[in-house]
$ cat protein.csv   # CSV, C-alpha atoms and all ligand atoms
chain,number,residue,atom,x,y,z
D,1,MET,CA,0.1,-2.0,-14.8
D,2,LYS,CA,-0.7,1.6,-13.8
D,3,LEU,CA,1.4,4.0,-11.7
D,4,SER,CA,0.3,6.1,-8.8
D,5,VAL,CA,2.0,8.2,-6.1
D,6,ALA,CA,1.3,8.3,-2.4
D,7,ILE,CA,-0.3,11.6,-1.1
D,8,ALA,CA,-2.0,12.9,2.0
D,9,GLY,CA,-4.0,16.0,3.0
D,10,SER,CA,-2.2,19.3,3.9
D,11,ASN,CA,-2.7,18.8,7.6
D,12,ALA,CA,-1.7,15.1,7.7
D,13,PRO,CA,0.6,14.4,10.7
D,14,PRO,CA,4.4,13.9,10.1
D,15,SER,CA,3.8,10.2,10.4
D,16,ALA,CA,1.9,10.1,7.1
D,17,PHE,CA,4.5,8.5,4.8
D,18,VAL,CA,3.8,10.1,1.5
D,19,VAL,CA,5.6,12.0,-1.3
D,20,TRP,CA,3.3,15.1,-1.4
D,21,ARG,CA,0.8,16.7,1.0
D,22,GLY,CA,-2.2,18.8,0.0
D,23,PHE,CA,-4.7,16.8,-2.1
D,24,GLU,CA,-5.4,19.2,-5.0
D,25,GLU,CA,-1.9,20.5,-5.5
D,26,SER,CA,-0.5,16.9,-5.3
D,27,MET,CA,-3.0,15.7,-7.9
D,28,ARG,CA,-2.2,18.7,-10.2
D,29,LYS,CA,1.5,17.8,-10.0
D,30,ALA,CA,1.0,14.0,-10.3
D,31,SER,CA,-1.0,14.6,-13.5
D,32,ARG,CA,1.6,16.8,-15.0
D,33,LEU,CA,4.3,14.2,-14.4
D,34,GLY,CA,2.2,11.5,-16.1
D,35,TYR,CA,1.1,9.5,-13.1
D,36,HIS,CA,-2.2,7.6,-13.7
D,37,GLY,CA,-3.4,7.9,-10.2
D,38,VAL,CA,-2.9,8.7,-6.5
D,39,GLU,CA,-2.8,6.6,-3.4
D,40,LEU,CA,-4.7,8.4,-0.6
D,41,ALA,CA,-3.1,8.1,2.9
D,42,LEU,CA,-6.0,8.7,5.2
D,43,LYS,CA,-6.5,8.7,9.0
D,44,THR,CA,-10.3,8.5,8.7
D,45,ALA,CA,-12.8,8.9,5.9
D,46,GLN,CA,-13.5,12.4,7.1
D,47,ASP,CA,-10.0,13.5,5.9
D,48,ILE,CA,-11.4,14.0,2.4
D,49,ASN,CA,-14.5,15.4,0.9
D,50,PRO,CA,-15.8,12.9,-1.7
D,51,ALA,CA,-17.4,15.6,-3.9
D,52,GLU,CA,-14.2,17.6,-3.9
D,53,LEU,CA,-12.2,14.5,-4.6
D,54,SER,CA,-14.3,13.6,-7.6
D,55,GLY,CA,-13.9,17.1,-9.0
D,56,TRP,CA,-10.1,16.9,-8.6
D,57,LEU,CA,-10.0,13.5,-10.2
D,58,SER,CA,-11.8,14.6,-13.3
D,59,ARG,CA,-10.0,17.9,-13.5
D,60,TYR,CA,-6.6,16.2,-13.4
D,61,ASN,CA,-7.7,13.0,-15.2
D,62,LEU,CA,-6.5,10.7,-12.4
D,63,GLU,CA,-7.8,7.7,-10.6
D,64,VAL,CA,-7.5,6.7,-6.9
D,65,SER,CA,-5.3,3.5,-6.8
D,66,CYS,CA,-5.9,2.6,-3.1
D,67,ILE,CA,-6.6,4.0,0.3
D,68,SER,CA,-3.7,3.4,2.7
D,69,THR,CA,-4.1,3.4,6.5
D,70,GLY,CA,-0.8,3.9,8.2
D,71,GLN,CA,-2.1,6.9,10.0
D,72,VAL,CA,-4.8,4.8,11.7
D,73,PHE,CA,-1.9,3.2,13.5
D,74,ALA,CA,0.6,6.0,13.7
D,75,ALA,CA,-1.7,9.0,14.5
D,76,LEU,CA,-4.7,7.3,16.1
D,77,GLY,CA,-2.8,4.5,17.9
D,78,LEU,CA,-5.3,1.8,16.8
D,79,TYR,CA,-4.3,-1.7,15.7
D,80,PHE,CA,-5.8,-5.1,15.3
D,81,THR,CA,-3.7,-7.1,17.8
D,82,HIS,CA,-4.5,-4.7,20.7
D,83,GLY,CA,-5.4,-6.7,23.9
D,84,ASP,CA,-8.3,-4.3,24.7
D,85,LYS,CA,-11.4,-5.0,22.7
D,86,LYS,CA,-12.5,-1.4,22.9
D,87,VAL,CA,-9.4,-0.4,20.9
D,88,ARG,CA,-10.0,-3.1,18.3
D,89,ASP,CA,-13.6,-2.0,18.0
D,90,GLU,CA,-12.5,1.5,17.4
D,91,ALA,CA,-10.1,0.3,14.6
D,92,VAL,CA,-13.0,-1.6,13.0
D,93,GLU,CA,-15.2,1.6,13.2
D,94,VAL,CA,-12.5,3.7,11.5
D,95,PHE,CA,-12.1,1.0,8.8
D,96,LYS,CA,-15.9,0.9,8.2
D,97,GLY,CA,-15.7,4.6,7.1
D,98,LEU,CA,-12.6,4.0,5.0
D,99,VAL,CA,-14.1,0.9,3.4
D,100,GLU,CA,-17.3,2.8,2.6
D,101,LEU,CA,-15.3,5.4,0.8
D,102,ALA,CA,-13.2,2.8,-1.0
D,103,GLY,CA,-16.4,1.0,-2.1
D,104,ASP,CA,-17.7,4.2,-3.7
D,105,LEU,CA,-14.3,4.7,-5.4
D,106,GLY,CA,-14.0,1.0,-6.4
D,107,VAL,CA,-10.6,0.7,-4.8
D,108,MET,CA,-8.8,-1.5,-2.2
D,109,VAL,CA,-7.8,-0.7,1.3
D,110,ASN,CA,-4.4,-1.5,2.7
D,111,VAL,CA,-3.5,-2.9,6.1
D,112,GLY,CA,0.1,-2.0,7.0
D,113,ARG,CA,1.2,-1.3,10.5
D,114,VAL,CA,-2.4,-1.1,11.7
D,115,ARG,CA,-2.3,-5.0,11.7
D,116,GLY,CA,-0.5,-4.6,15.0
D,117,PHE,CA,2.4,-6.4,16.6
D,118,VAL,CA,3.4,-9.0,19.2
D,119,ALA,CA,3.4,-6.8,22.4
D,120,PRO,CA,5.7,-7.5,25.4
D,121,GLY,CA,4.0,-10.2,27.4
D,122,GLN,CA,1.8,-11.3,24.5
D,123,THR,CA,2.4,-14.6,22.7
D,124,ARG,CA,2.7,-14.6,18.9
D,125,ASP,CA,-0.3,-17.0,18.9
D,126,ALA,CA,-2.4,-14.6,20.9
D,127,ALA,CA,-1.4,-11.7,18.6
D,128,GLU,CA,-2.2,-13.8,15.6
D,129,ARG,CA,-5.6,-14.8,16.9
D,130,LEU,CA,-6.6,-11.2,17.6
D,131,PHE,CA,-5.3,-10.2,14.1
D,132,VAL,CA,-7.3,-13.0,12.4
D,133,GLU,CA,-10.5,-12.1,14.4
D,134,THR,CA,-10.2,-8.4,13.6
D,135,MET,CA,-9.3,-9.0,10.0
D,136,GLU,CA,-12.4,-11.2,9.5
D,137,ARG,CA,-14.6,-8.5,11.0
D,138,ILE,CA,-13.2,-5.9,8.6
D,139,CYS,CA,-13.3,-8.2,5.6
D,140,ASP,CA,-17.0,-9.0,6.3
D,141,VAL,CA,-17.7,-5.2,6.2
D,142,ALA,CA,-15.6,-4.9,3.1
D,143,ALA,CA,-17.2,-7.8,1.3
D,144,LYS,CA,-20.6,-6.1,1.4
D,145,LYS,CA,-19.0,-3.1,-0.4
D,146,ASN,CA,-17.0,-5.3,-2.9
D,147,VAL,CA,-13.8,-4.0,-1.3
D,148,THR,CA,-10.6,-6.1,-1.1
D,149,ILE,CA,-8.3,-5.6,1.9
D,150,ILE,CA,-4.5,-5.9,1.1
D,151,ILE,CA,-2.0,-6.8,3.8
D,152,GLU,CA,1.4,-5.2,3.5
D,153,PRO,CA,4.4,-7.0,5.0
D,154,VAL,CA,6.6,-4.4,6.7
D,155,ASN,CA,10.2,-4.8,7.8
D,156,ARG,CA,11.3,-5.9,11.3
D,157,TYR,CA,12.7,-2.4,12.2
D,158,GLU,CA,9.1,-1.0,12.0
D,159,ILE,CA,7.1,-4.0,13.3
D,160,ASN,CA,7.6,-7.5,14.6
D,161,PHE,CA,4.6,-9.2,12.9
D,162,ILE,CA,4.2,-10.1,9.2
D,163,ASN,CA,7.6,-9.0,7.8
D,164,ASN,CA,7.8,-10.9,4.5
D,165,LEU,CA,5.5,-12.1,1.7
D,166,ASP,CA,5.6,-15.7,2.9
D,167,GLU,CA,4.3,-14.7,6.3
D,168,GLY,CA,1.6,-12.6,4.7
D,169,SER,CA,0.5,-15.4,2.5
D,170,ALA,CA,0.5,-17.9,5.4
D,171,LEU,CA,-1.9,-15.6,7.4
D,172,ILE,CA,-4.1,-15.0,4.4
D,173,SER,CA,-4.5,-18.7,4.1
D,174,LYS,CA,-5.8,-18.9,7.7
D,175,LEU,CA,-8.6,-16.4,6.9
D,176,LYS,CA,-12.0,-17.5,5.9
D,177,SER,CA,-12.5,-14.3,4.0
D,178,LYS,CA,-11.6,-14.3,0.4
D,179,ASN,CA,-11.6,-10.5,-0.3
D,180,VAL,CA,-8.0,-10.2,0.9
D,181,GLY,CA,-4.7,-10.0,-0.8
D,182,LEU,CA,-1.0,-9.0,-0.5
D,183,MET,CA,0.6,-5.7,-1.0
D,184,PRO,CA,4.4,-6.2,-1.4
D,185,ASP,CA,6.6,-3.1,-0.8
D,186,LEU,CA,9.9,-3.5,-2.5
D,187,PHE,CA,11.7,-1.5,0.2
D,188,HIS,CA,10.5,-3.9,2.9
D,189,MET,CA,11.1,-7.0,0.6
D,190,ASN,CA,14.7,-5.9,0.1
D,191,ILE,CA,15.2,-6.3,3.9
D,192,GLU,CA,13.1,-9.3,4.6
D,193,ASP,CA,12.5,-11.6,1.6
D,194,ASP,CA,14.9,-14.2,0.4
D,195,LYS,CA,15.0,-13.2,-3.3
D,196,ILE,CA,12.7,-10.5,-4.5
D,197,GLY,CA,11.9,-12.1,-7.8
D,198,ASP,CA,11.4,-15.6,-6.4
D,199,SER,CA,9.2,-14.3,-3.5
D,200,LEU,CA,7.0,-12.3,-5.9
D,201,VAL,CA,6.5,-15.4,-8.1
D,202,ARG,CA,6.0,-17.7,-5.1
D,203,ASN,CA,3.4,-15.4,-3.5
D,204,GLY,CA,2.0,-14.3,-6.9
D,205,PRO,CA,-1.6,-15.7,-6.4
D,206,PHE,CA,-2.2,-13.3,-3.5
D,207,ILE,CA,-0.5,-10.2,-5.0
D,208,LYS,CA,-3.0,-7.4,-5.8
D,209,TYR,CA,-1.0,-4.2,-5.6
D,210,ILE,CA,2.7,-3.1,-5.1
D,211,HIS,CA,4.7,-0.3,-3.5
D,212,PHE,CA,7.7,0.7,-5.6
D,213,ALA,CA,10.8,2.3,-4.0
D,214,ASP,CA,14.5,1.7,-4.4
D,215,THR,CA,16.6,-0.1,-1.8
D,216,ASN,CA,17.4,3.2,0.1
D,217,ARG,CA,13.7,4.2,-0.1
D,218,LEU,CA,14.5,7.0,-2.6
D,219,ALA,CA,12.9,7.1,-6.1
D,220,PRO,CA,13.4,4.0,-8.2
D,221,GLY,CA,16.7,4.4,-10.0
D,222,GLN,CA,18.5,6.0,-7.1
D,223,GLY,CA,19.5,2.8,-5.3
D,224,HIS,CA,20.5,-0.7,-6.2
D,225,MET,CA,17.1,-2.5,-6.6
D,226,ASN,CA,17.2,-4.8,-9.6
D,227,PHE,CA,14.1,-3.6,-11.4
D,228,ASP,CA,14.6,-6.1,-14.3
D,229,GLU,CA,14.2,-8.9,-11.7
D,230,VAL,CA,11.1,-7.2,-10.4
D,231,PHE,CA,9.5,-6.7,-13.8
D,232,ASP,CA,10.4,-10.2,-14.9
D,233,ALA,CA,8.7,-11.7,-11.8
D,234,LEU,CA,5.6,-9.5,-12.3
D,235,LYS,CA,5.4,-10.7,-15.9
D,236,ILE,CA,5.5,-14.3,-14.8
D,237,ILE,CA,2.6,-13.7,-12.5
D,238,LYS,CA,0.9,-11.6,-15.2
D,239,PHE,CA,0.5,-8.7,-12.7
D,240,ASP,CA,-1.7,-6.1,-14.2
D,241,GLY,CA,-2.7,-3.9,-11.2
D,242,TRP,CA,-1.6,-0.7,-9.6
D,243,ALA,CA,2.0,0.1,-8.5
D,244,SER,CA,2.4,3.1,-6.3
D,245,ILE,CA,5.4,5.2,-5.6
D,246,GLU,CA,5.9,5.3,-1.9
D,247,ILE,CA,9.3,6.9,-1.2
D,248,LEU,CA,11.1,9.4,1.0
D,249,PRO,CA,10.4,12.9,-0.3
D,250,LYS,CA,14.1,13.5,-0.8
D,251,PRO,CA,16.0,15.5,-2.0
D,252,ASP,CA,12.6,17.3,-2.1
D,253,PRO,CA,9.1,16.0,-2.9
D,254,ASP,CA,8.9,17.4,-6.5
D,255,THR,CA,12.3,16.0,-7.5
D,256,ALA,CA,11.6,12.6,-5.9
D,257,ALA,CA,8.3,12.3,-7.7
D,258,ARG,CA,9.8,13.4,-11.0
D,259,GLN,CA,12.7,11.0,-10.7
D,260,ALA,CA,10.3,8.1,-9.9
D,261,ALA,CA,8.0,9.0,-12.8
D,262,GLU,CA,10.9,9.4,-15.3
D,263,TYR,CA,12.3,6.0,-14.3
D,264,MET,CA,9.1,4.0,-14.0
D,265,LEU,CA,6.7,5.3,-16.6
D,266,PRO,CA,8.7,4.1,-19.7
D,267,ARG,CA,9.4,0.8,-18.0
D,268,ILE,CA,5.7,0.3,-17.3
D,269,GLU,CA,4.8,1.2,-20.8
D,270,GLN,CA,7.2,-1.5,-22.1
D,271,TYR,CA,5.9,-3.9,-19.5
D,272,ASN,CA,2.3,-3.4,-20.6
D,273,LYS,CA,3.2,-3.9,-24.2
D,274,SER,CA,5.0,-7.1,-23.5
D,275,LEU,CA,2.2,-8.3,-21.2
D,276,ARG,CA,-0.2,-7.8,-24.0
D,277,GLY,CA,2.1,-9.6,-26.5
D,278,LYS,CA,2.8,-6.5,-28.4
D,279,LEU,CA,6.6,-6.7,-28.2
D,301,LIG,C1,3.5,1.9,4.5
D,301,LIG,O1,3.1,1.6,3.2
D,301,LIG,C2,4.9,1.5,4.7
D,301,LIG,O2,5.5,0.9,3.8
D,301,LIG,C3,5.5,1.7,6.0
D,301,LIG,O3,6.9,1.5,5.9
D,301,LIG,C4,5.3,3.1,6.5
D,301,LIG,O4,5.9,3.1,7.8
D,302,MN,MN,4.7,0.6,1.8

$ encode --input "protein.csv" --output "structure tokens" --more "lines below"
Ligand code: LER
Ligand code: MN
Amino acid sequence: MKLSVAIAGSNAPPSAFVVWRGFEESMRKASRLGYHGVELALKTAQDINPAELSGWLSRYNLEVSCISTGQVFAALGLYFTHGDKKVRDEAVEVFKGLVELAGDLGVMVNVGRVRGFVAPGQTRDAAERLFVETMERICDVAAKKNVTIIIEPVNRYEINFINNLDEGSALISKLKSKNVGLMPDLFHMNIEDDKIGDSLVRNGPFIKYIHFADTNRLAPGQGHMNFDEVFDALKIIKFDGWASIEILPKPDPDTAARQAAEYMLPRIEQYNKSLRGKL
């Protein structure tokens, strides 16, 4: 398992849910704290210059773990269950750019709130049909670039569609596309899933990436999340992908990122040794 931290550009809107803003400065700090990579929260592919990005990654010895897309929903107002095909087409266009960039970087693209929701007057079945149809279009584009799309269940207070891992897995099973997986976020799981460990194990075959946070969405170690339960479950499913720190930047971004790194990096090192039978 490798650890990254969520970052965005310096002029990302307030809706970008990240620890740090400003790509280069965030990468410099992430590298100094021992993170292995950064998760890029982007609104469109134009938010970042690929040549500059590749320079920063080599200067700070980091990888990109994933491209996250919350701002496509929060800042651009685009989502997959929208009743207007023009809006869904626009969402697909934005994803084409993000998928292209992800393909060049060899990373996955997340689908969080951009999946959409059941709107007033819309039936759940209708929302689901639009979601499935739009996801298939995006997965088709992504498959050509060898990119996997990961669906992130999000708690009921943010969205009313795909709240827990079981719901995510059920929808993935309805898709024809195979380049799709699940992105559990421990903060949402603590609100929505029955037992965090059991749900991770049960949905293990689809899990490709994970968001780490504590129960209060502060840095791991600042709440009451049982990380032993989390790591035991990840070991059962032999999870060996990226985990990303996606937390509130409190009490301030630097402290939050440091607390998270200090708590998680030694645990991840132990986990990796035990996964490889070296403990
Ligand atoms: C995005 O990864 C997420 O977890 C959402 O809660 C942001 O609103
Ligand atoms: Mn998340």

$ closest_atom_pairs --input "protein.csv" --of "chain D" --to "ligand MN 302 (chain D)" --cutoff "12 Å" --atoms "only C-alpha atoms and all ligand atoms" --output "JSON lines"
{"residue": "D:Val5", "atom": "CA", "partner": "D:MN302", "partner_atom": "MN", "distance": 11.3}
{"residue": "D:Ala6", "atom": "CA", "partner": "D:MN302", "partner_atom": "MN", "distance": 9.4}
{"residue": "D:Ala16", "atom": "CA", "partner": "D:MN302", "partner_atom": "MN", "distance": 11.2}
{"residue": "D:Phe17", "atom": "CA", "partner": "D:MN302", "partner_atom": "MN", "distance": 8.5}
{"residue": "D:Val18", "atom": "CA", "partner": "D:MN302", "partner_atom": "MN", "distance": 9.5}
{"residue": "D:Val19", "atom": "CA", "partner": "D:MN302", "partner_atom": "MN", "distance": 11.8}
{"residue": "D:Glu39", "atom": "CA", "partner": "D:MN302", "partner_atom": "MN", "distance": 10.9}
{"residue": "D:Ala41", "atom": "CA", "partner": "D:MN302", "partner_atom": "MN", "distance": 10.9}
{"residue": "D:Cys66", "atom": "CA", "partner": "D:MN302", "partner_atom": "MN", "distance": 11.8}
{"residue": "D:Ile67", "atom": "CA", "partner": "D:MN302", "partner_atom": "MN", "distance": 11.9}
{"residue": "D:Ser68", "atom": "CA", "partner": "D:MN302", "partner_atom": "MN", "distance": 8.9}
{"residue": "D:Thr69", "atom": "CA", "partner": "D:MN302", "partner_atom": "MN", "distance": 10.4}
{"residue": "D:Gly70", "atom": "CA", "partner": "D:MN302", "partner_atom": "MN", "distance": 9.1}
{"residue": "D:Asn110", "atom": "CA", "partner": "D:MN302", "partner_atom": "MN", "distance": 9.4}
{"residue": "D:Val111", "atom": "CA", "partner": "D:MN302", "partner_atom": "MN", "distance": 9.9}
{"residue": "D:Gly112", "atom": "CA", "partner": "D:MN302", "partner_atom": "MN", "distance": 7.4}
{"residue": "D:Arg113", "atom": "CA", "partner": "D:MN302", "partner_atom": "MN", "distance": 9.6}
{"residue": "D:Ile150", "atom": "CA", "partner": "D:MN302", "partner_atom": "MN", "distance": 11.3}
{"residue": "D:Ile151", "atom": "CA", "partner": "D:MN302", "partner_atom": "MN", "distance": 10.2}
{"residue": "D:Glu152", "atom": "CA", "partner": "D:MN302", "partner_atom": "MN", "distance": 6.9}
{"residue": "D:Pro153", "atom": "CA", "partner": "D:MN302", "partner_atom": "MN", "distance": 8.3}
{"residue": "D:Val154", "atom": "CA", "partner": "D:MN302", "partner_atom": "MN", "distance": 7.3}
{"residue": "D:Asn155", "atom": "CA", "partner": "D:MN302", "partner_atom": "MN", "distance": 9.8}
{"residue": "D:Glu158", "atom": "CA", "partner": "D:MN302", "partner_atom": "MN", "distance": 11.2}
{"residue": "D:Asn163", "atom": "CA", "partner": "D:MN302", "partner_atom": "MN", "distance": 11.7}
{"residue": "D:Leu182", "atom": "CA", "partner": "D:MN302", "partner_atom": "MN", "distance": 11.4}
{"residue": "D:Met183", "atom": "CA", "partner": "D:MN302", "partner_atom": "MN", "distance": 8.0}
{"residue": "D:Pro184", "atom": "CA", "partner": "D:MN302", "partner_atom": "MN", "distance": 7.5}
{"residue": "D:Asp185", "atom": "CA", "partner": "D:MN302", "partner_atom": "MN", "distance": 4.9}
{"residue": "D:Leu186", "atom": "CA", "partner": "D:MN302", "partner_atom": "MN", "distance": 7.9}
{"residue": "D:Phe187", "atom": "CA", "partner": "D:MN302", "partner_atom": "MN", "distance": 7.5}
{"residue": "D:His188", "atom": "CA", "partner": "D:MN302", "partner_atom": "MN", "distance": 7.4}
{"residue": "D:Met189", "atom": "CA", "partner": "D:MN302", "partner_atom": "MN", "distance": 10.0}
{"residue": "D:Tyr209", "atom": "CA", "partner": "D:MN302", "partner_atom": "MN", "distance": 10.5}
{"residue": "D:Ile210", "atom": "CA", "partner": "D:MN302", "partner_atom": "MN", "distance": 8.1}
{"residue": "D:His211", "atom": "CA", "partner": "D:MN302", "partner_atom": "MN", "distance": 5.4}
{"residue": "D:Phe212", "atom": "CA", "partner": "D:MN302", "partner_atom": "MN", "distance": 8.0}
{"residue": "D:Ala213", "atom": "CA", "partner": "D:MN302", "partner_atom": "MN", "distance": 8.6}
{"residue": "D:Asp214", "atom": "CA", "partner": "D:MN302", "partner_atom": "MN", "distance": 11.6}
{"residue": "D:Arg217", "atom": "CA", "partner": "D:MN302", "partner_atom": "MN", "distance": 9.9}
{"residue": "D:Ala243", "atom": "CA", "partner": "D:MN302", "partner_atom": "MN", "distance": 10.7}
{"residue": "D:Ser244", "atom": "CA", "partner": "D:MN302", "partner_atom": "MN", "distance": 8.8}
{"residue": "D:Ile245", "atom": "CA", "partner": "D:MN302", "partner_atom": "MN", "distance": 8.7}
{"residue": "D:Glu246", "atom": "CA", "partner": "D:MN302", "partner_atom": "MN", "distance": 6.1}
{"residue": "D:Ile247", "atom": "CA", "partner": "D:MN302", "partner_atom": "MN", "distance": 8.4}
{"residue": "D:Leu248", "atom": "CA", "partner": "D:MN302", "partner_atom": "MN", "distance": 10.9}

$ write_last_selection --input "protein.csv" --atoms "C-alpha atoms" --output "CSV table (one decimal), keeping the file's coordinate frame"
chain,number,residue,atom,x,y,z
D,5,VAL,CA,2.0,8.2,-6.1
D,6,ALA,CA,1.3,8.3,-2.4
D,16,ALA,CA,1.9,10.1,7.1
D,17,PHE,CA,4.5,8.5,4.8
D,18,VAL,CA,3.8,10.1,1.5
D,19,VAL,CA,5.6,12.0,-1.3
D,39,GLU,CA,-2.8,6.6,-3.4
D,41,ALA,CA,-3.1,8.1,2.9
D,66,CYS,CA,-5.9,2.6,-3.1
D,67,ILE,CA,-6.6,4.0,0.3
D,68,SER,CA,-3.7,3.4,2.7
D,69,THR,CA,-4.1,3.4,6.5
D,70,GLY,CA,-0.8,3.9,8.2
D,110,ASN,CA,-4.4,-1.5,2.7
D,111,VAL,CA,-3.5,-2.9,6.1
D,112,GLY,CA,0.1,-2.0,7.0
D,113,ARG,CA,1.2,-1.3,10.5
D,150,ILE,CA,-4.5,-5.9,1.1
D,151,ILE,CA,-2.0,-6.8,3.8
D,152,GLU,CA,1.4,-5.2,3.5
D,153,PRO,CA,4.4,-7.0,5.0
D,154,VAL,CA,6.6,-4.4,6.7
D,155,ASN,CA,10.2,-4.8,7.8
D,158,GLU,CA,9.1,-1.0,12.0
D,163,ASN,CA,7.6,-9.0,7.8
D,182,LEU,CA,-1.0,-9.0,-0.5
D,183,MET,CA,0.6,-5.7,-1.0
D,184,PRO,CA,4.4,-6.2,-1.4
D,185,ASP,CA,6.6,-3.1,-0.8
D,186,LEU,CA,9.9,-3.5,-2.5
D,187,PHE,CA,11.7,-1.5,0.2
D,188,HIS,CA,10.5,-3.9,2.9
D,189,MET,CA,11.1,-7.0,0.6
D,209,TYR,CA,-1.0,-4.2,-5.6
D,210,ILE,CA,2.7,-3.1,-5.1
D,211,HIS,CA,4.7,-0.3,-3.5
D,212,PHE,CA,7.7,0.7,-5.6
D,213,ALA,CA,10.8,2.3,-4.0
D,214,ASP,CA,14.5,1.7,-4.4
D,217,ARG,CA,13.7,4.2,-0.1
D,243,ALA,CA,2.0,0.1,-8.5
D,244,SER,CA,2.4,3.1,-6.3
D,245,ILE,CA,5.4,5.2,-5.6
D,246,GLU,CA,5.9,5.3,-1.9
D,247,ILE,CA,9.3,6.9,-1.2
D,248,LEU,CA,11.1,9.4,1.0

$ atom_distance --input "protein.csv" --atom1 "CA of Asp193 (chain D)" --atom2 "CA of Glu167 (chain D)"
9.9 Å

$ closest_residue --input "protein.csv" --among "D:Pro253, D:Tyr263, D:Asn160, D:Asn190" --to "Pro220 (chain D)" --atoms "all atoms listed in the file"
D:Tyr263

$ closest_residue --input "protein.csv" --among "D:Met264, D:Met27, D:Val114, D:Leu165" --to "Val94 (chain D)" --atoms "only C-alpha atoms"
D:Val114

$ closest_residue --input "protein.csv" --among "D:Gly9, D:Gly181, D:Gly197, D:Pro14" --to "ligand LIG 301 (chain D)" --atoms "only C-alpha atoms and all ligand atoms"
D:Pro14

$ closest_residue --input "protein.csv" --among "D:Tyr157, D:Phe206, D:Phe239, D:Phe131" --to "ligand LIG 301 (chain D)" --atoms "only C-alpha atoms and all ligand atoms"
D:Tyr157

$ closest_residue --input "protein.csv" --among "D:Val99, D:Ile207, D:Val141, D:Leu3" --to "Thr44 (chain D)" --atoms "only C-alpha atoms"
D:Val99

$ atom_distance --input "protein.csv" --atom1 "CA of Lys176 (chain D)" --atom2 "CA of Val147 (chain D)"
15.4 Å

$ atom_distance --input "protein.csv" --atom1 "CA of Phe95 (chain D)" --atom2 "CA of Ile237 (chain D)"
29.8 Å

$ closest_residue --input "protein.csv" --among "D:Ala8, D:Met1, D:Thr123, D:Ser15" --to "ligand LIG 301 (chain D)" --atoms "only C-alpha atoms and all ligand atoms"
D:Ser15

$ axis_aligned_box --input "protein.csv" --around "ligand LIG 301 (chain D)" --padding-each-side "5 Å" --output "AutoDock Vina command-line options"
--center_x 5.0 --center_y 2.0 --center_z 5.5 --size_x 13.8 --size_y 12.2 --size_z 14.6

$ residues_around --input "protein.csv" --residues "Lys235 (chain D)" --least-positions-apart "3" --cutoff "9 Å" --atoms "all atoms listed in the file" --output "PDB file with C-alpha atoms, keeping the file's coordinate frame"
ATOM      1  CA  VAL D 230      11.100  -7.200 -10.400  1.00  0.00           C
ATOM      2  CA  PHE D 231       9.500  -6.700 -13.800  1.00  0.00           C
ATOM      3  CA  ASP D 232      10.400 -10.200 -14.900  1.00  0.00           C
ATOM      4  CA  LYS D 238       0.900 -11.600 -15.200  1.00  0.00           C
ATOM      5  CA  PHE D 239       0.500  -8.700 -12.700  1.00  0.00           C
ATOM      6  CA  ASP D 240      -1.700  -6.100 -14.200  1.00  0.00           C
ATOM      7  CA  TYR D 271       5.900  -3.900 -19.500  1.00  0.00           C
ATOM      8  CA  SER D 274       5.000  -7.100 -23.500  1.00  0.00           C
ATOM      9  CA  LEU D 275       2.200  -8.300 -21.200  1.00  0.00           C
TER      10      LEU D 275
END

$ decode --input "protein.csv" --residues "region 205-226 of chain D" --atoms "C-alpha atoms" --output "PDB file, in the first residue's frame"
ATOM      1  CA  PRO D 205     -13.250  -7.827  -5.031  1.00  0.00           C
ATOM      2  CA  PHE D 206     -14.203  -4.338  -6.263  1.00  0.00           C
ATOM      3  CA  ILE D 207     -11.957  -2.222  -3.992  1.00  0.00           C
ATOM      4  CA  LYS D 208      -9.189  -0.479  -5.919  1.00  0.00           C
ATOM      5  CA  TYR D 209      -8.350   2.614  -3.832  1.00  0.00           C
ATOM      6  CA  ILE D 210      -9.247   4.044  -0.438  1.00  0.00           C
ATOM      7  CA  HIS D 211      -9.739   7.442   1.225  1.00  0.00           C
ATOM      8  CA  PHE D 212      -8.388   7.559   4.760  1.00  0.00           C
ATOM      9  CA  ALA D 213      -9.832   9.917   7.379  1.00  0.00           C
ATOM     10  CA  ASP D 214     -10.846   9.584  10.976  1.00  0.00           C
ATOM     11  CA  THR D 215     -14.495   9.512  12.136  1.00  0.00           C
ATOM     12  CA  ASN D 216     -14.570  13.309  12.594  1.00  0.00           C
ATOM     13  CA  ARG D 217     -12.864  13.790   9.210  1.00  0.00           C
ATOM     14  CA  LEU D 218      -9.707  14.970  10.912  1.00  0.00           C
ATOM     15  CA  ALA D 219      -6.350  13.259  10.402  1.00  0.00           C
ATOM     16  CA  PRO D 220      -6.262   9.543  11.220  1.00  0.00           C
ATOM     17  CA  GLY D 221      -5.554   9.236  14.933  1.00  0.00           C
ATOM     18  CA  GLN D 222      -7.668  12.288  15.889  1.00  0.00           C
ATOM     19  CA  GLY D 223     -11.012  10.460  16.147  1.00  0.00           C
ATOM     20  CA  HIS D 224     -12.300   7.036  17.115  1.00  0.00           C
ATOM     21  CA  MET D 225     -11.848   5.058  13.868  1.00  0.00           C
ATOM     22  CA  ASN D 226     -10.587   1.556  14.624  1.00  0.00           C
TER      23      ASN D 226
END
